Each structure stands twice: as C-alpha cells, then as structure tokens.
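Q: Dumping the structure here so I can ask a few things about it.
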Amino acid sequence: QVQLVESGGGLVQAGGSLRLSCAASGSIFAISVGSFRWYRQAPGKERELVAGISSGGTTNYADSVQGRFTISKDIAKRTVYLQMASLKSEDTAVYYCNLQMPRGTNYWGQGTQVTVSS
C-alpha cells in the first residue's frame, strides 16, 4: 500500500512559479518501481495528464506545459516534485499525484489547488 500527499499549491500571479510536492509513504518497493504522474482537473473539465516520470527517470509532458513544467523525483526522500514556471490562468486546477504500478494498480493523492490570477 502507498499513500500520497500533495502540497505546495496556492494562489500565484500569472507568470509566477510554484513547486508542488507529492510525499509518498508505504512500500519503498512500490515507490521505486512505479511511474509517477501529475494530473490536473479544472472546474467543468476532465482530469488531464500533465507530466509523468518513469521508474527509470524518463519524463513526458503534456504539450500545454512542455518547457514550463518540470517533473522530478527523489526516491530517497520518497517525494515527487512538479516545478511550474510561467504560470497561466489556464493552469488553474486541482493537481493530483498518481503512482501507477507495473501491473496497473493506481494510487492517488487528495489533490492540491493551484490558482493563477491574471
């Protein structure tokens, strides 16, 4: 079992930066072999994938955040980060941390609100 807790959300002006953290507790094996992803969901919209990092460190990004967001992880600290820069009003959403295991099990955090004011 793995528990995920996001933090770091808040209110920021357009053009600003925020760093989200996802603290994972539980099986260090699961944390090491799974792929972490950040999703977001804006009001009235479907949840969308923002960024992902595989167990081997390969990263991928949604086109809308490419070049502005950076996902990273520190397994020793059991923490995954999402560094967000040049924020836009359309980045406003609840951001969720996800851990997907190789056999398909998914773990989710409770989400953290990011609000970008224009």
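Simple scheme: letters A, B, ... for chains in structure tokens order, numbers from 1 for residues in each chain, numbers from 1 for ligands in the order shown.
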Tell me, counting only C-alpha atoms, for each residue of segment 35-73 of chain A within 12 Å of segment 2-22 of chain A, which pair of atoms is nearest and how far apart they are in Å to one decimal, in rows ordered by chain and increasing number, as JSON lines.

A:
{"residue": "A:Phe36", "atom": "CA", "partner": "A:Cys22", "partner_atom": "CA", "distance": 9.5}
{"residue": "A:Arg37", "atom": "CA", "partner": "A:Cys22", "partner_atom": "CA", "distance": 10.0}
{"residue": "A:Trp38", "atom": "CA", "partner": "A:Cys22", "partner_atom": "CA", "distance": 9.1}
{"residue": "A:Tyr39", "atom": "CA", "partner": "A:Glu6", "partner_atom": "CA", "distance": 11.6}
{"residue": "A:Arg40", "atom": "CA", "partner": "A:Gly9", "partner_atom": "CA", "distance": 11.9}
{"residue": "A:Arg68", "atom": "CA", "partner": "A:Ser17", "partner_atom": "CA", "distance": 9.5}
{"residue": "A:Phe69", "atom": "CA", "partner": "A:Arg19", "partner_atom": "CA", "distance": 9.4}
{"residue": "A:Thr70", "atom": "CA", "partner": "A:Arg19", "partner_atom": "CA", "distance": 9.3}
{"residue": "A:Ile71", "atom": "CA", "partner": "A:Leu20", "partner_atom": "CA", "distance": 9.4}
{"residue": "A:Ser72", "atom": "CA", "partner": "A:Ser21", "partner_atom": "CA", "distance": 9.7}
{"residue": "A:Lys73", "atom": "CA", "partner": "A:Cys22", "partner_atom": "CA", "distance": 9.1}

Q: Give me the residues within 12 Å of Arg103 of chain A as a list in words, counting only C-alpha atoms and dropping any in the same chain fewer than 5 places off.

A: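 The filter keeps Ala30, Val33, Gly34 and Ser35 of chain A.
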
Q: Which is closer to Thr92 of chain A than all the others in A:Gln110, A:Gln66, A:Gln41, A:Asn60, using only C-alpha atoms?

A: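 Comparing A:Gln110, A:Gln66, A:Gln41, A:Asn60 against Thr92 of chain A, the winner is A:Gln41.
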
Q: What parts of segment 4-107 of chain A does DSSP call alpha helix (DSSP H)? I'd like the answer as a list in words.

A: Ile28, Phe29, Ala30, Ile31, Ser32 and Val33 of chain A

Q: With C-alpha atoms retained, write the just-selected residues as a CSV table (one decimal), in the first residue's frame.

A:
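Output (selection.csv):
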chain,number,residue,atom,x,y,z
A,28,ILE,CA,9.5,1.7,-0.9
A,29,PHE,CA,9.5,-1.1,-3.4
A,30,ALA,CA,6.3,0.2,-5.0
A,31,ILE,CA,7.6,3.8,-4.9
A,32,SER,CA,10.8,2.6,-6.7
A,33,VAL,CA,9.2,0.6,-9.5

Q: How would you write, as a PDB file with all heavy atoms, in the first residue's frame, the set of residues in segment 24-70 of chain A that DSSP gives as strand (DSSP E)?

A:
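Output contents, as saved in states_12.pdb:
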ATOM      1  N   ALA A  24       5.285  10.400  -0.674  1.00  0.00           N
ATOM      2  CA  ALA A  24       4.780   9.029  -0.728  1.00  0.00           C
ATOM      3  C   ALA A  24       5.215   8.265   0.515  1.00  0.00           C
ATOM      4  O   ALA A  24       6.372   8.345   0.928  1.00  0.00           O
ATOM      5  CB  ALA A  24       5.300   8.337  -1.977  1.00  0.00           C
ATOM      6  N   SER A  25       4.300   7.551   1.096  1.00  0.00           N
ATOM      7  CA  SER A  25       4.627   6.689   2.228  1.00  0.00           C
ATOM      8  C   SER A  25       4.111   5.289   1.941  1.00  0.00           C
ATOM      9  O   SER A  25       3.197   5.110   1.131  1.00  0.00           O
ATOM     10  CB  SER A  25       4.005   7.225   3.518  1.00  0.00           C
ATOM     11  OG  SER A  25       2.600   7.298   3.404  1.00  0.00           O
ATOM     12  N   GLY A  26       4.726   4.319   2.588  1.00  0.00           N
ATOM     13  CA  GLY A  26       4.328   2.939   2.355  1.00  0.00           C
ATOM     14  C   GLY A  26       5.470   2.156   1.760  1.00  0.00           C
ATOM     15  O   GLY A  26       6.630   2.361   2.099  1.00  0.00           O
ATOM     16  N   SER A  35       5.487   4.265 -11.775  1.00  0.00           N
ATOM     17  CA  SER A  35       5.627   5.514 -12.522  1.00  0.00           C
ATOM     18  C   SER A  35       4.755   6.576 -11.859  1.00  0.00           C
ATOM     19  O   SER A  35       3.581   6.342 -11.592  1.00  0.00           O
ATOM     20  CB  SER A  35       5.175   5.329 -13.972  1.00  0.00           C
ATOM     21  OG  SER A  35       6.024   4.447 -14.653  1.00  0.00           O
ATOM     22  N   PHE A  36       5.346   7.726 -11.624  1.00  0.00           N
ATOM     23  CA  PHE A  36       4.608   8.824 -11.016  1.00  0.00           C
ATOM     24  C   PHE A  36       4.093   9.768 -12.099  1.00  0.00           C
ATOM     25  O   PHE A  36       4.778  10.028 -13.093  1.00  0.00           O
ATOM     26  CB  PHE A  36       5.499   9.605 -10.047  1.00  0.00           C
ATOM     27  CG  PHE A  36       5.681   8.941  -8.717  1.00  0.00           C
ATOM     28  CD1 PHE A  36       6.761   8.103  -8.493  1.00  0.00           C
ATOM     29  CD2 PHE A  36       4.776   9.155  -7.685  1.00  0.00           C
ATOM     30  CE1 PHE A  36       6.935   7.482  -7.257  1.00  0.00           C
ATOM     31  CE2 PHE A  36       4.942   8.542  -6.453  1.00  0.00           C
ATOM     32  CZ  PHE A  36       6.027   7.707  -6.238  1.00  0.00           C
ATOM     33  N   ARG A  37       2.909  10.269 -11.858  1.00  0.00           N
ATOM     34  CA  ARG A  37       2.322  11.238 -12.778  1.00  0.00           C
ATOM     35  C   ARG A  37       1.641  12.347 -11.997  1.00  0.00           C
ATOM     36  O   ARG A  37       1.168  12.131 -10.878  1.00  0.00           O
ATOM     37  CB  ARG A  37       1.300  10.558 -13.699  1.00  0.00           C
ATOM     38  CG  ARG A  37       1.886   9.479 -14.597  1.00  0.00           C
ATOM     39  CD  ARG A  37       0.844   8.895 -15.529  1.00  0.00           C
ATOM     40  NE  ARG A  37       1.423   7.937 -16.459  1.00  0.00           N
ATOM     41  CZ  ARG A  37       1.443   6.637 -16.256  1.00  0.00           C
ATOM     42  NH1 ARG A  37       0.908   6.141 -15.156  1.00  0.00           N
ATOM     43  NH2 ARG A  37       1.984   5.838 -17.145  1.00  0.00           N
ATOM     44  N   TRP A  38       1.609  13.497 -12.600  1.00  0.00           N
ATOM     45  CA  TRP A  38       0.799  14.604 -12.114  1.00  0.00           C
ATOM     46  C   TRP A  38      -0.357  14.801 -13.097  1.00  0.00           C
ATOM     47  O   TRP A  38      -0.131  14.896 -14.302  1.00  0.00           O
ATOM     48  CB  TRP A  38       1.604  15.892 -12.002  1.00  0.00           C
ATOM     49  CG  TRP A  38       2.534  15.941 -10.834  1.00  0.00           C
ATOM     50  CD1 TRP A  38       3.867  15.626 -10.829  1.00  0.00           C
ATOM     51  CD2 TRP A  38       2.213  16.338  -9.498  1.00  0.00           C
ATOM     52  NE1 TRP A  38       4.386  15.801  -9.570  1.00  0.00           N
ATOM     53  CE2 TRP A  38       3.393  16.238  -8.741  1.00  0.00           C
ATOM     54  CE3 TRP A  38       1.039  16.759  -8.868  1.00  0.00           C
ATOM     55  CZ2 TRP A  38       3.436  16.552  -7.382  1.00  0.00           C
ATOM     56  CZ3 TRP A  38       1.080  17.067  -7.522  1.00  0.00           C
ATOM     57  CH2 TRP A  38       2.267  16.967  -6.785  1.00  0.00           C
ATOM     58  N   TYR A  39      -1.548  14.842 -12.557  1.00  0.00           N
ATOM     59  CA  TYR A  39      -2.746  15.152 -13.319  1.00  0.00           C
ATOM     60  C   TYR A  39      -3.322  16.458 -12.777  1.00  0.00           C
ATOM     61  O   TYR A  39      -2.989  16.882 -11.667  1.00  0.00           O
ATOM     62  CB  TYR A  39      -3.810  14.053 -13.155  1.00  0.00           C
ATOM     63  CG  TYR A  39      -3.525  12.774 -13.882  1.00  0.00           C
ATOM     64  CD1 TYR A  39      -2.654  11.827 -13.364  1.00  0.00           C
ATOM     65  CD2 TYR A  39      -4.162  12.481 -15.091  1.00  0.00           C
ATOM     66  CE1 TYR A  39      -2.405  10.630 -14.032  1.00  0.00           C
ATOM     67  CE2 TYR A  39      -3.921  11.293 -15.761  1.00  0.00           C
ATOM     68  CZ  TYR A  39      -3.046  10.374 -15.225  1.00  0.00           C
ATOM     69  OH  TYR A  39      -2.811   9.186 -15.884  1.00  0.00           O
ATOM     70  N   ARG A  40      -4.207  17.038 -13.549  1.00  0.00           N
ATOM     71  CA  ARG A  40      -4.933  18.207 -13.051  1.00  0.00           C
ATOM     72  C   ARG A  40      -6.372  18.165 -13.567  1.00  0.00           C
ATOM     73  O   ARG A  40      -6.657  17.571 -14.610  1.00  0.00           O
ATOM     74  CB  ARG A  40      -4.259  19.515 -13.464  1.00  0.00           C
ATOM     75  CG  ARG A  40      -4.281  19.820 -14.954  1.00  0.00           C
ATOM     76  CD  ARG A  40      -3.454  21.066 -15.240  1.00  0.00           C
ATOM     77  NE  ARG A  40      -3.454  21.403 -16.660  1.00  0.00           N
ATOM     78  CZ  ARG A  40      -2.697  22.350 -17.190  1.00  0.00           C
ATOM     79  NH1 ARG A  40      -1.868  23.052 -16.419  1.00  0.00           N
ATOM     80  NH2 ARG A  40      -2.758  22.609 -18.487  1.00  0.00           N
ATOM     81  N   GLN A  41      -7.236  18.821 -12.810  1.00  0.00           N
ATOM     82  CA  GLN A  41      -8.636  18.892 -13.199  1.00  0.00           C
ATOM     83  C   GLN A  41      -9.156  20.283 -12.887  1.00  0.00           C
ATOM     84  O   GLN A  41      -9.172  20.700 -11.720  1.00  0.00           O
ATOM     85  CB  GLN A  41      -9.462  17.835 -12.476  1.00  0.00           C
ATOM     86  CG  GLN A  41     -10.892  17.755 -12.970  1.00  0.00           C
ATOM     87  CD  GLN A  41     -11.611  16.511 -12.494  1.00  0.00           C
ATOM     88  OE1 GLN A  41     -11.218  15.875 -11.517  1.00  0.00           O
ATOM     89  NE2 GLN A  41     -12.665  16.127 -13.195  1.00  0.00           N
ATOM     90  N   GLU A  48      -6.800  15.685 -16.650  1.00  0.00           N
ATOM     91  CA  GLU A  48      -5.842  15.508 -17.731  1.00  0.00           C
ATOM     92  C   GLU A  48      -4.440  15.256 -17.182  1.00  0.00           C
ATOM     93  O   GLU A  48      -4.066  15.753 -16.108  1.00  0.00           O
ATOM     94  CB  GLU A  48      -5.817  16.744 -18.640  1.00  0.00           C
ATOM     95  CG  GLU A  48      -5.348  18.014 -17.979  1.00  0.00           C
ATOM     96  CD  GLU A  48      -5.165  19.164 -18.965  1.00  0.00           C
ATOM     97  OE1 GLU A  48      -5.195  18.937 -20.181  1.00  0.00           O
ATOM     98  OE2 GLU A  48      -4.978  20.299 -18.482  1.00  0.00           O
ATOM     99  N   LEU A  49      -3.678  14.490 -17.944  1.00  0.00           N
ATOM    100  CA  LEU A  49      -2.301  14.197 -17.578  1.00  0.00           C
ATOM    101  C   LEU A  49      -1.433  15.415 -17.861  1.00  0.00           C
ATOM    102  O   LEU A  49      -1.487  15.988 -18.946  1.00  0.00           O
ATOM    103  CB  LEU A  49      -1.793  13.000 -18.379  1.00  0.00           C
ATOM    104  CG  LEU A  49      -0.332  12.607 -18.183  1.00  0.00           C
ATOM    105  CD1 LEU A  49      -0.070  12.179 -16.750  1.00  0.00           C
ATOM    106  CD2 LEU A  49       0.040  11.494 -19.154  1.00  0.00           C
ATOM    107  N   VAL A  50      -0.649  15.801 -16.886  1.00  0.00           N
ATOM    108  CA  VAL A  50       0.233  16.955 -17.019  1.00  0.00           C
ATOM    109  C   VAL A  50       1.668  16.519 -17.292  1.00  0.00           C
ATOM    110  O   VAL A  50       2.317  17.021 -18.204  1.00  0.00           O
ATOM    111  CB  VAL A  50       0.181  17.824 -15.741  1.00  0.00           C
ATOM    112  CG1 VAL A  50       1.186  18.964 -15.824  1.00  0.00           C
ATOM    113  CG2 VAL A  50      -1.220  18.354 -15.513  1.00  0.00           C
ATOM    114  N   ALA A  51       2.163  15.604 -16.468  1.00  0.00           N
ATOM    115  CA  ALA A  51       3.557  15.171 -16.592  1.00  0.00           C
ATOM    116  C   ALA A  51       3.720  13.806 -15.944  1.00  0.00           C
ATOM    117  O   ALA A  51       2.958  13.445 -15.036  1.00  0.00           O
ATOM    118  CB  ALA A  51       4.498  16.180 -15.941  1.00  0.00           C
ATOM    119  N   GLY A  52       4.718  13.072 -16.405  1.00  0.00           N
ATOM    120  CA  GLY A  52       4.978  11.761 -15.839  1.00  0.00           C
ATOM    121  C   GLY A  52       6.473  11.486 -15.776  1.00  0.00           C
ATOM    122  O   GLY A  52       7.256  12.064 -16.535  1.00  0.00           O
ATOM    123  N   ILE A  53       6.849  10.611 -14.846  1.00  0.00           N
ATOM    124  CA  ILE A  53       8.247  10.184 -14.739  1.00  0.00           C
ATOM    125  C   ILE A  53       8.247   8.698 -14.420  1.00  0.00           C
ATOM    126  O   ILE A  53       7.581   8.244 -13.494  1.00  0.00           O
ATOM    127  CB  ILE A  53       9.013  11.017 -13.684  1.00  0.00           C
ATOM    128  CG1 ILE A  53      10.488  10.650 -13.678  1.00  0.00           C
ATOM    129  CG2 ILE A  53       8.393  10.889 -12.299  1.00  0.00           C
ATOM    130  CD1 ILE A  53      11.360  11.660 -12.924  1.00  0.00           C
ATOM    131  N   THR A  59      10.931  11.163 -18.586  1.00  0.00           N
ATOM    132  CA  THR A  59       9.844  12.103 -18.338  1.00  0.00           C
ATOM    133  C   THR A  59       9.026  12.364 -19.610  1.00  0.00           C
ATOM    134  O   THR A  59       9.528  12.202 -20.729  1.00  0.00           O
ATOM    135  CB  THR A  59      10.380  13.444 -17.820  1.00  0.00           C
ATOM    136  OG1 THR A  59      11.279  13.998 -18.788  1.00  0.00           O
ATOM    137  CG2 THR A  59      11.122  13.266 -16.504  1.00  0.00           C
ATOM    138  N   ASN A  60       7.796  12.755 -19.408  1.00  0.00           N
ATOM    139  CA  ASN A  60       6.952  13.161 -20.524  1.00  0.00           C
ATOM    140  C   ASN A  60       6.015  14.247 -20.033  1.00  0.00           C
ATOM    141  O   ASN A  60       5.702  14.327 -18.838  1.00  0.00           O
ATOM    142  CB  ASN A  60       6.165  11.979 -21.087  1.00  0.00           C
ATOM    143  CG  ASN A  60       5.219  11.362 -20.086  1.00  0.00           C
ATOM    144  OD1 ASN A  60       5.625  10.607 -19.228  1.00  0.00           O
ATOM    145  ND2 ASN A  60       3.939  11.709 -20.186  1.00  0.00           N
ATOM    146  N   TYR A  61       5.584  15.089 -20.955  1.00  0.00           N
ATOM    147  CA  TYR A  61       4.783  16.255 -20.609  1.00  0.00           C
ATOM    148  C   TYR A  61       3.643  16.458 -21.603  1.00  0.00           C
ATOM    149  O   TYR A  61       3.764  16.136 -22.784  1.00  0.00           O
ATOM    150  CB  TYR A  61       5.647  17.515 -20.599  1.00  0.00           C
ATOM    151  CG  TYR A  61       6.773  17.475 -19.608  1.00  0.00           C
ATOM    152  CD1 TYR A  61       8.031  17.005 -19.965  1.00  0.00           C
ATOM    153  CD2 TYR A  61       6.570  17.904 -18.299  1.00  0.00           C
ATOM    154  CE1 TYR A  61       9.069  16.950 -19.048  1.00  0.00           C
ATOM    155  CE2 TYR A  61       7.607  17.862 -17.372  1.00  0.00           C
ATOM    156  CZ  TYR A  61       8.846  17.380 -17.749  1.00  0.00           C
ATOM    157  OH  TYR A  61       9.862  17.332 -16.834  1.00  0.00           O
ATOM    158  N   PHE A  69       6.921  23.322 -17.250  1.00  0.00           N
ATOM    159  CA  PHE A  69       6.843  22.464 -16.068  1.00  0.00           C
ATOM    160  C   PHE A  69       7.968  21.429 -16.106  1.00  0.00           C
ATOM    161  O   PHE A  69       8.360  20.958 -17.180  1.00  0.00           O
ATOM    162  CB  PHE A  69       5.511  21.728 -15.999  1.00  0.00           C
ATOM    163  CG  PHE A  69       4.310  22.586 -15.710  1.00  0.00           C
ATOM    164  CD1 PHE A  69       4.373  23.972 -15.720  1.00  0.00           C
ATOM    165  CD2 PHE A  69       3.092  21.989 -15.413  1.00  0.00           C
ATOM    166  CE1 PHE A  69       3.265  24.754 -15.448  1.00  0.00           C
ATOM    167  CE2 PHE A  69       1.968  22.754 -15.144  1.00  0.00           C
ATOM    168  CZ  PHE A  69       2.066  24.140 -15.169  1.00  0.00           C
ATOM    169  N   THR A  70       8.433  21.070 -14.927  1.00  0.00           N
ATOM    170  CA  THR A  70       9.462  20.030 -14.809  1.00  0.00           C
ATOM    171  C   THR A  70       9.086  19.066 -13.702  1.00  0.00           C
ATOM    172  O   THR A  70       8.855  19.491 -12.558  1.00  0.00           O
ATOM    173  CB  THR A  70      10.834  20.638 -14.514  1.00  0.00           C
ATOM    174  OG1 THR A  70      11.176  21.586 -15.523  1.00  0.00           O
ATOM    175  CG2 THR A  70      11.902  19.553 -14.466  1.00  0.00           C
TER     176      THR A  70
END

Q: So, counting only C-alpha atoms, which residue among A:Thr58, A:Gln113, A:Gln100, A:Ser118 is closest to Leu87 of chain A?

A: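 Among A:Thr58, A:Gln113, A:Gln100, A:Ser118, it is A:Ser118 that comes nearest to Leu87 of chain A.
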
Q: Between A:Ser27, A:Ser117, A:Gln83, A:Thr112, single out the one closest to Leu99 of chain A, counting only C-alpha atoms.

A: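 The closest residue to Leu99 of chain A is A:Ser27.
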
Q: Can you tell me how far atom CA of Pro102 of chain A sits from atom CA of Ile75 of chain A, in Å to one decimal?

A: 17.0 Å

Q: Enter the distance from atom CA of Gly57 of chain A to atom CA of Ser86 of chain A, in Å, rounded to one decimal.

A: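 Between these atoms lies a distance of 23.8 Å.
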